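First comes the structure, then the notes that go with it.
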Amino acid sequence: MNILYDERLDGPAPEQDRAAIRDSLAQAIPDMTLLHREEDMRPFECDGLSVYRTLPLLVALPDSLDQVQRLLVECHRLGVPVVTRGAGTGLSAGALPLTHGVLLVMSRFSRILEIDPEARIARVEPGVRNLAISEAASPYGLYYAPDPSSQIACSIGGNVAENAGGVHCLKYGLTVHNVIKVEILTIEGERMTLGSDALDAPGFDLLALYNGSEGMLGVVTEITVKLLPKPEVAKVLMASFDDVEKAGNAVGAIIEAGIIPGGLEMMDKLAIIAAEDFIGAGYPVDAEAILLCELDGVEADVDDDCETVRRVLENAGATGIQQARDDAERARFWAGRKNAFPAVGRMSPDYYCMDGTIPRRELARVLKGISDLSERYGLKVANVFHAGDGNMHPLILFDANREGELAVAEALGGEILELCVRVGGTITGEHGVGREKINQMCAQFRPDELATFRATKAAFDPRDLLNPGKNIPTPARCSEFRTIKSASADTAPGKLQG
Amino acid sequence: MTMANTTHLTDHDASAALAERIRQAGSEGTSLRIVGGDTRFFYGREVAGEVLSTREHRGIRFYDPVELVVSVRAGTPLSELEATLAKHGQMLPFEPPRYGEVSTVGGMVATGLSGPRRPWAGSVRDFVLGARVINHEGIEQRFGGEVMKNVAGYDLSRLMVGAQGTLGLITEVSFKVLPMPGATRSLHLELPLDEARQRLAEWGREPLPISAAAWLDGALHLRLEGGPSSVAATRARIGGDDLENDFWAALRDQRLAFFRAGQAPLWRLSLPHRTPALDLPGIDESHMIHDWAGAQRWLRAELDAEAVRRACQTAGGHATCYGPRPTAIEPFAPLPEVLMKYHRNLKAQLDPKGIFNPGRLYAAL
Ligand SMILES: Cc1cc2nc3c(=O)[nH]c(=O)nc-3n(C[C@H](O)[C@H](O)[C@H](O)COP(=O)(O)OP(=O)(O)OC[C@H]3O[C@@H](n4cnc5c(N)ncnc54)[C@H](O)[C@@H]3O)c2cc1C
Ligand SMILES: Cc1cc2nc3c(=O)[nH]c(=O)nc-3n(C[C@H](O)[C@H](O)[C@H](O)COP(=O)(O)OP(=O)(O)OC[C@H]3O[C@@H](n4cnc5c(N)ncnc54)[C@H](O)[C@@H]3O)c2cc1C
């Protein structure tokens, strides 16, 4: 099933008169940058999942909220869809443009409006890069906790829209746990504040609803995040294992010992070798798996916890345990992990990153399942996980220039996600559904549940103009998905049983 | 894998009967007043509707301490859930207030109230991983799940928290749970309010193991939680007198004398924690409880509701009127017009026939 917008399955997408819409927008908002030439719009044709590309109708680059508001009012009047884009680092084609829609790029909103060290909050525009917030807060001994591996590039607006996570989620939470207030522009151009500077707000928790809503309910125009005091110390232990399953069990054993590490990450052999090749992080390349366990907090406690974790790791059968001797070595250990995607990318012309989350106890079974699938489809898979919270990132290696290989990678990816659902997990832990996982939504949710999602969307955008075709599949798409699945179930070789 | 043995004699799945009752209400055009323990009836507007009790639908359906996940049916007593977690050294970190033995898990989620640890650990919604909800057609639906991270579809499980049952009947909730802290010490420091505020602001910028801070009766009450080493070191540094750890349960469950004295309405002011004394005529801030390091303030007084709400709103917060409440006073702060419009739209989409707790939050919902 095609991933690109398909009128038959995704709903009507009437042909738009580009010149006429451009005229209307230019007239309504004369001072706004509006790109329409193919060569100018090229850079915006995809997000981080670059195998899917679509040229938008027009690209709007506003630099004031007034312009954004007028753009929305005008598009709403004209019935033209709007796809919002942050930094374009998304991995689920969430910001993939539509040929019949305007791409609204928020990257010019890159000012940090306020850091209040006493209140421990930062108020920022949506185009501010994730890492820029921690950098600005650093002189006050504060930082912004969620740290996606893309933090040098991704925008905080995109983080809110995806409810982005990072390597420190288990202890410090996702974006939704660290954002206290957002300003929204609705598709009709109304301004609305969700959340507050206090710890709660009256009415429904729309702040929670907007986190992770993938630009489908409104445009985020300002974000207030909470800042945390930097931990006094952070220490990281690296444990190697000769067996992936043992590493998986060690993760549970650490938590069973009553410890919630600041970060708890796992990589398999292929990912270790790739990262070591790329960064020289000091990883043991002969290991089948490594665990990185970071403990942070007050020094005395961290030292106690390091001892406990070391003991747990030994009992779990680690073949080697190394504690970073200083901050430089600690940074190096993390650099290998944070650069794992590009590192794996060097091993292969293309890679496709999955994002399923599973109950941790199913880790061994799912890894075995992935390895079987990898063999069956004939494509290599490297595994990187946020092990502490069961969020897996299998990276499928393929070559898009080889006839049909993208389709094979997609099919393999789809099966991995369906496996995650079968063991009680989910198709996406942090990257979002976007366009990429639109079909697997039909595996995770029943038709009546999807109808409730559509009803929710209709409360905020009844004409389906904000990012149409993303996140929630239509009934038509799901019935086709189910038909194809039941047809192939009978023919697939060695079908996995959940 | 450790799977805690949680089977309870009275465990019972009543979801089919609940769904049937909702379908019936839908076809008859009647409204339902959802009731858990009915202990929080004071919290919110009165609902005209036939009582639908969740008490029969109870039991801890799944608990795996190693996964840090528990899934509980809505009618389960909160006390039963907390006792089961405690057996495994775990807890609900947000310390929900308990009003007696009968408070239910569904009521806790629907009201969304959190206790003293909230500013440091997070609120009820922060620990909700997933929920099962019976919708207006009487169909039980599942949102979120039993894993730590899940961004598939809209976050409808967190939307249910604090919605007071106006969007659907919650039948089951999955929570992230955490280990209890290794060490706990509570202390009491005689300090004027201003000085307490100043100290809290300074401590807040350091990674100290503070997990509760309430000023009342001329003293700052602090709780330290964490590893034994850091708790002992911080205790020595901050000084003050020892305080019984029980104090926090009494504050959390509103059992302190403050909450019982007098007939005047109880107000809850939710404010940015550094908000200075509010300009409320005739109100002495030293007669209030300043919990959550100043972000949640309790006040007992006959007040001009509009004046209180204006003062809180100006400061960036809002005020809720708990009972006893004169009928002229709305329990919850009114919403700005645009926000109210989308609340109405959402209610109309998810509960088009107005079956669930109509008018509980606002007259228009
Ligand atoms: C190498 C690499 C590593 C990554 N690691 C992680 C990781 O560890 N954790 C993680 O969670 N993600 C990770 N990601 C994915 C990605 O960085 C995140 O999803 C990020 O939040 C996207 O932000 P963005 O600004 O690039 O958004 P975009 O890609 O531009 O957009 C993403 C979605 O957000 C919407 N959107 C953007 N801005 C707004 C706005 N202002 N208002 C409303 N909607 C908006 C878009 O419509 C789209 O649906 C990684 C990506 C890469 C390339
Ligand atoms: C300050 C104070 C004053 C008090 N005053 C009184 C008093 O005057 N009289 C008295 O008898 N007791 C009083 N109490 C005790 C208290 O009201 C109750 O004991 C109880 O704690 C509330 O929990 P619950 O399960 O009973 O929730 P409920 O009260 O049953 O429900 C709370 C809300 O959640 C909704 N809800 C519940 N379950 C669900 C579900 N599964 N799905 C969707 N929505 C749901 C309900 O419709 C309701 O809106 C008081 C307590 C305090 C602290």
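By order of appearance in the structure tokens: chains A, B, ..., then residues from 1 within every chain, and ligands from 1 in the order shown.
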TODO: Output the contact residues of chain A with respect to chain B at a cut-off of 7 Å, based on only C-alpha atoms, as a ChimeraX atom specification.
DONE: /A:118-119,177,192,196-202,204-206,208-209,212-213,229-232,252,255-256,258,297-298,300-301,357-361,389,391,425-430,432-433,449,453,455-456,459-460,471-472
Open item on the list: Taking only C-alpha atoms and all ligand atoms into account, which residues have an atom no farther than 6 Å from ligand 1? I'd like them as a PyMOL selection string.
Closed with: chain A and resi 47-48+83-91+94-95+106+126+148-150+154-155+157-159+161-162+164-166+214-215+218-221+341+430-431
If the limit is 7 Å from any atom of ligand 2, counting only C-alpha atoms and all ligand atoms, which residues qualify? Return them as a short mmCIF file (atom, residue, chain, number, x, y, z; two decimals) with all heavy atoms, in the first residue's frame.
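Final output, saved to selection-v1.cif:
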data_model
loop_
_atom_site.label_atom_id
_atom_site.label_comp_id
_atom_site.auth_asym_id
_atom_site.auth_seq_id
_atom_site.Cartn_x
_atom_site.Cartn_y
_atom_site.Cartn_z
N ARG B 33 -25.05 9.69 36.29
CA ARG B 33 -24.11 10.29 37.24
C ARG B 33 -23.18 9.18 37.68
O ARG B 33 -23.59 8.22 38.34
CB ARG B 33 -24.86 10.84 38.46
CG ARG B 33 -23.94 11.48 39.48
CD ARG B 33 -24.71 12.27 40.51
NE ARG B 33 -25.13 11.48 41.65
CZ ARG B 33 -24.35 11.24 42.73
NH1 ARG B 33 -23.13 11.73 42.79
NH2 ARG B 33 -24.80 10.51 43.72
N ILE B 34 -21.93 9.28 37.24
CA ILE B 34 -20.96 8.22 37.54
C ILE B 34 -20.48 8.36 38.97
O ILE B 34 -20.11 9.45 39.41
CB ILE B 34 -19.75 8.29 36.58
CG1 ILE B 34 -20.22 8.24 35.13
CG2 ILE B 34 -18.76 7.19 36.89
CD1 ILE B 34 -19.12 8.52 34.13
N VAL B 35 -20.48 7.25 39.67
CA VAL B 35 -20.10 7.27 41.07
C VAL B 35 -19.10 6.16 41.37
O VAL B 35 -19.32 5.01 41.01
CB VAL B 35 -21.37 7.08 41.95
CG1 VAL B 35 -20.98 6.76 43.37
CG2 VAL B 35 -22.23 8.31 41.90
N GLY B 36 -17.98 6.57 41.99
CA GLY B 36 -17.01 5.58 42.46
C GLY B 36 -17.33 5.34 43.92
O GLY B 36 -18.32 4.71 44.27
N GLY B 37 -16.49 5.92 44.79
CA GLY B 37 -16.77 5.86 46.22
C GLY B 37 -17.73 6.95 46.61
O GLY B 37 -18.23 7.00 47.72
N ASP B 38 -17.98 7.87 45.68
CA ASP B 38 -18.83 9.04 45.92
C ASP B 38 -18.28 9.89 47.05
O ASP B 38 -19.01 10.58 47.73
CB ASP B 38 -20.29 8.65 46.20
CG ASP B 38 -21.24 9.77 45.75
OD1 ASP B 38 -20.78 10.72 45.08
OD2 ASP B 38 -22.43 9.71 46.09
N THR B 39 -16.98 9.84 47.31
CA THR B 39 -16.40 10.64 48.38
C THR B 39 -16.05 12.03 47.91
O THR B 39 -15.83 12.90 48.71
CB THR B 39 -15.13 9.98 48.93
OG1 THR B 39 -14.20 9.90 47.88
CG2 THR B 39 -15.41 8.62 49.52
N ARG B 40 -15.97 12.20 46.62
CA ARG B 40 -15.60 13.53 46.13
C ARG B 40 -16.78 14.27 45.55
O ARG B 40 -16.63 15.08 44.67
CB ARG B 40 -14.47 13.40 45.10
CG ARG B 40 -13.21 12.97 45.81
CD ARG B 40 -12.09 12.57 44.91
NE ARG B 40 -11.28 11.63 45.68
CZ ARG B 40 -10.07 11.27 45.37
NH1 ARG B 40 -9.51 11.74 44.29
NH2 ARG B 40 -9.42 10.43 46.14
N PHE B 41 -17.99 13.91 46.03
CA PHE B 41 -19.18 14.54 45.46
C PHE B 41 -19.10 16.05 45.62
O PHE B 41 -19.68 16.79 44.86
CB PHE B 41 -20.44 13.98 46.13
CG PHE B 41 -20.49 14.28 47.58
CD1 PHE B 41 -21.00 15.48 48.02
CD2 PHE B 41 -19.96 13.39 48.50
CE1 PHE B 41 -21.01 15.77 49.37
CE2 PHE B 41 -19.96 13.68 49.85
CZ PHE B 41 -20.49 14.88 50.28
N PHE B 42 -18.35 16.51 46.64
CA PHE B 42 -18.25 17.95 46.90
C PHE B 42 -17.43 18.65 45.84
O PHE B 42 -17.48 19.84 45.67
CB PHE B 42 -17.60 18.19 48.26
CG PHE B 42 -16.19 17.66 48.31
CD1 PHE B 42 -15.14 18.48 47.93
CD2 PHE B 42 -15.94 16.35 48.70
CE1 PHE B 42 -13.85 17.99 47.96
CE2 PHE B 42 -14.64 15.87 48.72
CZ PHE B 42 -13.60 16.68 48.34
N GLY B 44 -16.99 19.66 42.54
CA GLY B 44 -17.63 19.82 41.25
C GLY B 44 -19.10 20.18 41.37
O GLY B 44 -19.64 20.25 42.48
N THR B 54 -19.43 2.29 39.82
CA THR B 54 -18.33 1.49 39.26
C THR B 54 -17.81 0.45 40.26
O THR B 54 -16.91 -0.31 39.94
CB THR B 54 -17.14 2.38 38.88
OG1 THR B 54 -16.64 2.98 40.08
CG2 THR B 54 -17.55 3.46 37.90
N ALA B 74 -11.52 0.32 37.49
CA ALA B 74 -11.84 1.64 38.05
C ALA B 74 -12.48 1.59 39.43
O ALA B 74 -12.28 2.49 40.24
CB ALA B 74 -12.75 2.39 37.09
N GLY B 75 -13.26 0.52 39.72
CA GLY B 75 -13.94 0.48 41.00
C GLY B 75 -13.09 -0.01 42.16
O GLY B 75 -13.55 -0.08 43.30
N ARG B 98 -6.71 10.72 49.70
CA ARG B 98 -7.67 9.63 49.95
C ARG B 98 -8.70 10.18 50.91
O ARG B 98 -8.35 10.72 51.95
CB ARG B 98 -6.97 8.44 50.60
CG ARG B 98 -5.92 7.84 49.70
CD ARG B 98 -4.83 7.18 50.51
NE ARG B 98 -4.17 8.12 51.40
CZ ARG B 98 -3.02 7.85 52.00
NH1 ARG B 98 -2.42 6.69 51.84
NH2 ARG B 98 -2.47 8.75 52.81
N TYR B 99 -9.95 10.06 50.53
CA TYR B 99 -10.99 10.50 51.42
C TYR B 99 -11.66 9.25 51.96
O TYR B 99 -12.66 8.80 51.44
CB TYR B 99 -11.97 11.42 50.69
CG TYR B 99 -11.30 12.62 50.09
CD1 TYR B 99 -11.56 13.01 48.78
CD2 TYR B 99 -10.39 13.38 50.83
CE1 TYR B 99 -10.94 14.12 48.23
CE2 TYR B 99 -9.76 14.48 50.28
CZ TYR B 99 -10.04 14.85 48.98
OH TYR B 99 -9.43 15.94 48.44
N GLY B 100 -11.06 8.67 52.93
CA GLY B 100 -11.63 7.47 53.54
C GLY B 100 -11.22 6.23 52.76
O GLY B 100 -10.47 6.30 51.80
N VAL B 102 -13.09 4.36 50.97
CA VAL B 102 -13.90 4.00 49.82
C VAL B 102 -13.50 4.70 48.52
O VAL B 102 -14.03 4.38 47.48
CB VAL B 102 -15.40 4.25 50.11
CG1 VAL B 102 -15.91 3.24 51.10
CG2 VAL B 102 -15.62 5.67 50.59
N SER B 103 -12.57 5.63 48.58
CA SER B 103 -12.14 6.30 47.34
C SER B 103 -11.70 5.26 46.32
O SER B 103 -10.98 4.33 46.65
CB SER B 103 -10.94 7.21 47.63
OG SER B 103 -11.34 8.38 48.25
N THR B 104 -12.12 5.45 45.08
CA THR B 104 -11.78 4.47 44.05
C THR B 104 -10.70 4.99 43.11
O THR B 104 -10.46 6.19 43.02
CB THR B 104 -13.02 4.14 43.19
OG1 THR B 104 -13.43 5.34 42.52
CG2 THR B 104 -14.15 3.58 44.02
N VAL B 105 -10.11 4.07 42.39
CA VAL B 105 -9.09 4.43 41.41
C VAL B 105 -9.71 5.29 40.29
O VAL B 105 -9.13 6.27 39.86
CB VAL B 105 -8.45 3.15 40.83
CG1 VAL B 105 -7.59 3.46 39.61
CG2 VAL B 105 -7.62 2.45 41.90
N GLY B 106 -10.93 4.94 39.88
CA GLY B 106 -11.60 5.73 38.85
C GLY B 106 -11.84 7.16 39.29
O GLY B 106 -11.61 8.11 38.54
N GLY B 107 -12.29 7.32 40.53
CA GLY B 107 -12.52 8.66 41.07
C GLY B 107 -11.23 9.44 41.16
O GLY B 107 -11.18 10.64 40.86
N MET B 108 -10.16 8.78 41.54
CA MET B 108 -8.85 9.43 41.62
C MET B 108 -8.42 9.97 40.25
O MET B 108 -7.94 11.09 40.12
CB MET B 108 -7.82 8.41 42.11
CG MET B 108 -6.38 8.81 41.88
SD MET B 108 -5.27 7.48 42.37
CE MET B 108 -4.99 6.67 40.83
N ALA B 110 -10.45 10.46 37.56
CA ALA B 110 -11.41 11.42 37.02
C ALA B 110 -11.26 12.79 37.66
O ALA B 110 -11.46 13.81 37.01
CB ALA B 110 -12.84 10.89 37.20
N THR B 111 -10.90 12.84 38.94
CA THR B 111 -10.70 14.14 39.57
C THR B 111 -9.28 14.66 39.32
O THR B 111 -9.06 15.86 39.30
CB THR B 111 -10.95 14.09 41.09
OG1 THR B 111 -10.21 13.00 41.63
CG2 THR B 111 -12.42 13.87 41.40
N GLN B 164 -13.45 14.51 35.00
CA GLN B 164 -14.58 14.27 35.91
C GLN B 164 -15.65 13.39 35.29
O GLN B 164 -16.84 13.60 35.53
CB GLN B 164 -15.19 15.62 36.31
CG GLN B 164 -14.26 16.44 37.13
CD GLN B 164 -14.64 16.41 38.60
OE1 GLN B 164 -15.34 15.49 39.04
NE2 GLN B 164 -14.16 17.33 39.37
N GLY B 165 -15.23 12.48 34.44
CA GLY B 165 -16.21 11.54 33.87
C GLY B 165 -17.16 12.16 32.86
O GLY B 165 -18.18 11.56 32.54
N THR B 166 -16.82 13.33 32.33
CA THR B 166 -17.73 13.96 31.38
C THR B 166 -17.50 13.50 29.95
O THR B 166 -18.26 13.84 29.06
CB THR B 166 -17.59 15.50 31.41
OG1 THR B 166 -16.23 15.84 31.13
CG2 THR B 166 -17.99 16.07 32.75
N GLY B 168 -16.59 10.09 29.21
CA GLY B 168 -16.74 8.65 29.09
C GLY B 168 -16.54 7.99 30.44
O GLY B 168 -16.09 8.64 31.39
N LEU B 169 -16.89 6.72 30.52
CA LEU B 169 -16.71 5.98 31.78
C LEU B 169 -15.37 5.25 31.74
O LEU B 169 -15.15 4.38 30.89
CB LEU B 169 -17.84 4.96 31.96
CG LEU B 169 -17.69 4.11 33.22
CD1 LEU B 169 -18.29 4.83 34.42
CD2 LEU B 169 -18.32 2.75 33.06
N ILE B 170 -14.51 5.60 32.66
CA ILE B 170 -13.21 4.93 32.74
C ILE B 170 -13.43 3.56 33.39
O ILE B 170 -14.02 3.48 34.48
CB ILE B 170 -12.23 5.74 33.60
CG1 ILE B 170 -12.08 7.17 33.05
CG2 ILE B 170 -10.88 5.05 33.70
CD1 ILE B 170 -11.52 8.14 34.06
N THR B 171 -12.99 2.49 32.73
CA THR B 171 -13.15 1.17 33.35
C THR B 171 -11.83 0.61 33.87
O THR B 171 -11.81 -0.23 34.76
CB THR B 171 -13.75 0.15 32.36
OG1 THR B 171 -13.03 0.24 31.14
CG2 THR B 171 -15.22 0.45 32.12
N ASP B 253 -4.51 13.97 52.81
CA ASP B 253 -5.89 13.52 52.92
C ASP B 253 -6.79 14.57 53.56
O ASP B 253 -7.94 14.28 53.89
CB ASP B 253 -5.97 12.22 53.73
CG ASP B 253 -5.16 11.11 53.09
OD1 ASP B 253 -4.89 11.22 51.88
OD2 ASP B 253 -4.80 10.15 53.81
N GLN B 254 -6.27 15.76 53.74
CA GLN B 254 -7.03 16.86 54.34
C GLN B 254 -7.57 16.48 55.71
O GLN B 254 -8.74 16.70 56.02
CB GLN B 254 -8.15 17.31 53.41
CG GLN B 254 -7.63 17.73 52.05
CD GLN B 254 -8.66 18.50 51.24
OE1 GLN B 254 -9.84 18.50 51.55
NE2 GLN B 254 -8.20 19.18 50.20
N PHE B 259 -8.42 21.95 57.78
CA PHE B 259 -9.45 21.57 56.81
C PHE B 259 -10.80 21.34 57.47
O PHE B 259 -11.81 21.24 56.81
CB PHE B 259 -9.03 20.31 56.06
CG PHE B 259 -7.87 20.55 55.13
CD1 PHE B 259 -6.59 20.11 55.44
CD2 PHE B 259 -8.06 21.25 53.94
CE1 PHE B 259 -5.53 20.33 54.58
CE2 PHE B 259 -7.00 21.48 53.07
CZ PHE B 259 -5.73 21.02 53.40
N TYR B 322 -13.93 24.40 46.79
CA TYR B 322 -14.39 23.13 47.33
C TYR B 322 -15.61 23.44 48.21
O TYR B 322 -15.94 24.58 48.45
CB TYR B 322 -13.29 22.51 48.19
CG TYR B 322 -12.22 21.78 47.43
CD1 TYR B 322 -11.55 22.38 46.38
CD2 TYR B 322 -11.86 20.48 47.78
CE1 TYR B 322 -10.54 21.71 45.69
CE2 TYR B 322 -10.86 19.80 47.10
CZ TYR B 322 -10.21 20.42 46.06
OH TYR B 322 -9.22 19.75 45.39
N GLY B 323 -16.23 22.44 48.76
CA GLY B 323 -17.37 22.69 49.62
C GLY B 323 -16.98 23.28 50.96
O GLY B 323 -15.79 23.37 51.23
N ASN B 357 -22.23 12.46 33.12
CA ASN B 357 -22.05 13.54 34.10
C ASN B 357 -22.30 14.94 33.54
O ASN B 357 -21.46 15.82 33.72
CB ASN B 357 -20.59 13.50 34.63
CG ASN B 357 -20.40 12.49 35.73
OD1 ASN B 357 -21.35 11.83 36.13
ND2 ASN B 357 -19.18 12.38 36.22
N ARG B 360 -21.15 18.52 35.26
CA ARG B 360 -20.29 18.30 36.43
C ARG B 360 -19.15 19.33 36.50
O ARG B 360 -18.85 19.88 37.56
CB ARG B 360 -19.70 16.88 36.34
CG ARG B 360 -18.67 16.54 37.41
CD ARG B 360 -19.33 16.34 38.77
NE ARG B 360 -18.40 15.77 39.74
CZ ARG B 360 -18.58 15.80 41.05
NH1 ARG B 360 -19.65 16.38 41.56
NH2 ARG B 360 -17.70 15.26 41.87
#
- [ ] Identify, on the basis of only C-alpha atoms, every residue whose closest approach to Glu172 in chain B does not exceed 9 Å; exclude the query and any residue fewer than 4 positions from it along the same chain; express the result as number ranges by chain.
- [x] B: 57-58, 61, 71-75, 105-106, 130-133
Write a file of the selected residues as an mmCIF file, in the first residue's frame, keeping all heavy atoms.
data_model
loop_
_atom_site.group_PDB
_atom_site.id
_atom_site.type_symbol
_atom_site.label_atom_id
_atom_site.label_comp_id
_atom_site.auth_asym_id
_atom_site.auth_seq_id
_atom_site.Cartn_x
_atom_site.Cartn_y
_atom_site.Cartn_z
ATOM 1 N N HIS B 57 -16.941 -3.151 39.490
ATOM 2 C CA HIS B 57 -15.902 -3.432 38.493
ATOM 3 C C HIS B 57 -14.545 -3.211 39.145
ATOM 4 O O HIS B 57 -14.005 -2.113 39.142
ATOM 5 C CB HIS B 57 -16.090 -2.496 37.303
ATOM 6 C CG HIS B 57 -15.182 -2.819 36.148
ATOM 7 N ND1 HIS B 57 -15.180 -4.040 35.510
ATOM 8 C CD2 HIS B 57 -14.237 -2.080 35.526
ATOM 9 C CE1 HIS B 57 -14.285 -4.035 34.551
ATOM 10 N NE2 HIS B 57 -13.692 -2.871 34.529
ATOM 11 N N ARG B 58 -14.031 -4.257 39.741
ATOM 12 C CA ARG B 58 -12.847 -4.025 40.572
ATOM 13 C C ARG B 58 -11.821 -5.141 40.467
ATOM 14 O O ARG B 58 -12.097 -6.247 40.008
ATOM 15 C CB ARG B 58 -13.271 -3.844 42.017
ATOM 16 C CG ARG B 58 -14.112 -4.987 42.560
ATOM 17 C CD ARG B 58 -14.342 -4.801 44.018
ATOM 18 N NE ARG B 58 -13.109 -5.023 44.738
ATOM 19 C CZ ARG B 58 -12.900 -4.690 45.999
ATOM 20 N NH1 ARG B 58 -13.839 -4.093 46.681
ATOM 21 N NH2 ARG B 58 -11.761 -4.951 46.583
ATOM 22 N N ARG B 61 -5.834 -5.952 37.648
ATOM 23 C CA ARG B 61 -5.852 -6.922 36.565
ATOM 24 C C ARG B 61 -4.455 -7.381 36.169
ATOM 25 O O ARG B 61 -4.253 -8.497 35.718
ATOM 26 C CB ARG B 61 -6.582 -6.343 35.359
ATOM 27 C CG ARG B 61 -7.184 -7.406 34.462
ATOM 28 C CD ARG B 61 -7.605 -6.856 33.130
ATOM 29 N NE ARG B 61 -6.715 -5.882 32.563
ATOM 30 C CZ ARG B 61 -5.546 -6.150 31.976
ATOM 31 N NH1 ARG B 61 -5.102 -7.376 31.894
ATOM 32 N NH2 ARG B 61 -4.811 -5.173 31.493
ATOM 33 N N SER B 71 -2.141 -2.307 36.130
ATOM 34 C CA SER B 71 -3.413 -1.998 35.479
ATOM 35 C C SER B 71 -4.543 -2.366 36.426
ATOM 36 O O SER B 71 -4.597 -3.500 36.910
ATOM 37 C CB SER B 71 -3.559 -2.782 34.177
ATOM 38 O OG SER B 71 -2.589 -2.357 33.253
ATOM 39 N N VAL B 72 -5.422 -1.420 36.673
ATOM 40 C CA VAL B 72 -6.415 -1.569 37.736
ATOM 41 C C VAL B 72 -7.803 -1.217 37.235
ATOM 42 O O VAL B 72 -7.977 -0.227 36.527
ATOM 43 C CB VAL B 72 -6.110 -0.577 38.894
ATOM 44 C CG1 VAL B 72 -6.811 -1.027 40.161
ATOM 45 C CG2 VAL B 72 -4.634 -0.421 39.108
ATOM 46 N N ARG B 73 -8.794 -2.011 37.622
ATOM 47 C CA ARG B 73 -10.168 -1.670 37.268
ATOM 48 C C ARG B 73 -10.618 -0.466 38.098
ATOM 49 O O ARG B 73 -10.192 -0.292 39.240
ATOM 50 C CB ARG B 73 -11.089 -2.862 37.504
ATOM 51 C CG ARG B 73 -10.760 -4.019 36.572
ATOM 52 C CD ARG B 73 -11.916 -5.013 36.471
ATOM 53 N NE ARG B 73 -11.517 -6.146 35.645
ATOM 54 C CZ ARG B 73 -11.225 -7.360 36.124
ATOM 55 N NH1 ARG B 73 -11.327 -7.615 37.412
ATOM 56 N NH2 ARG B 73 -10.858 -8.320 35.296
ATOM 57 N N ALA B 74 -11.515 0.320 37.492
ATOM 58 C CA ALA B 74 -11.841 1.638 38.051
ATOM 59 C C ALA B 74 -12.483 1.593 39.428
ATOM 60 O O ALA B 74 -12.284 2.487 40.241
ATOM 61 C CB ALA B 74 -12.748 2.387 37.089
ATOM 62 N N GLY B 75 -13.256 0.523 39.719
ATOM 63 C CA GLY B 75 -13.943 0.484 40.999
ATOM 64 C C GLY B 75 -13.091 -0.015 42.158
ATOM 65 O O GLY B 75 -13.548 -0.081 43.296
ATOM 66 N N VAL B 105 -10.110 4.069 42.391
ATOM 67 C CA VAL B 105 -9.089 4.428 41.409
ATOM 68 C C VAL B 105 -9.706 5.288 40.295
ATOM 69 O O VAL B 105 -9.126 6.271 39.855
ATOM 70 C CB VAL B 105 -8.451 3.145 40.826
ATOM 71 C CG1 VAL B 105 -7.589 3.463 39.611
ATOM 72 C CG2 VAL B 105 -7.619 2.450 41.898
ATOM 73 N N GLY B 106 -10.929 4.939 39.876
ATOM 74 C CA GLY B 106 -11.604 5.732 38.845
ATOM 75 C C GLY B 106 -11.844 7.163 39.294
ATOM 76 O O GLY B 106 -11.611 8.109 38.538
ATOM 77 N N GLY B 130 -2.164 4.353 30.136
ATOM 78 C CA GLY B 130 -3.232 3.943 29.236
ATOM 79 C C GLY B 130 -4.536 3.838 29.999
ATOM 80 O O GLY B 130 -4.546 3.862 31.233
ATOM 81 N N ALA B 131 -5.635 3.751 29.261
ATOM 82 C CA ALA B 131 -6.936 3.625 29.913
ATOM 83 C C ALA B 131 -7.892 2.876 29.012
ATOM 84 O O ALA B 131 -7.755 2.894 27.790
ATOM 85 C CB ALA B 131 -7.504 5.005 30.243
ATOM 86 N N ARG B 132 -8.844 2.198 29.642
ATOM 87 C CA ARG B 132 -9.999 1.657 28.927
ATOM 88 C C ARG B 132 -11.183 2.523 29.312
ATOM 89 O O ARG B 132 -11.368 2.841 30.482
ATOM 90 C CB ARG B 132 -10.275 0.213 29.341
ATOM 91 C CG ARG B 132 -9.255 -0.751 28.773
ATOM 92 C CD ARG B 132 -9.462 -2.138 29.336
ATOM 93 N NE ARG B 132 -8.268 -2.919 29.088
ATOM 94 C CZ ARG B 132 -8.195 -3.927 28.214
ATOM 95 N NH1 ARG B 132 -9.256 -4.278 27.531
ATOM 96 N NH2 ARG B 132 -7.066 -4.574 28.039
ATOM 97 N N VAL B 133 -11.946 2.878 28.306
ATOM 98 C CA VAL B 133 -13.040 3.822 28.512
ATOM 99 C C VAL B 133 -14.256 3.305 27.760
ATOM 100 O O VAL B 133 -14.138 2.896 26.606
ATOM 101 C CB VAL B 133 -12.647 5.208 27.945
ATOM 102 C CG1 VAL B 133 -13.776 6.214 28.145
ATOM 103 C CG2 VAL B 133 -11.355 5.718 28.579
#
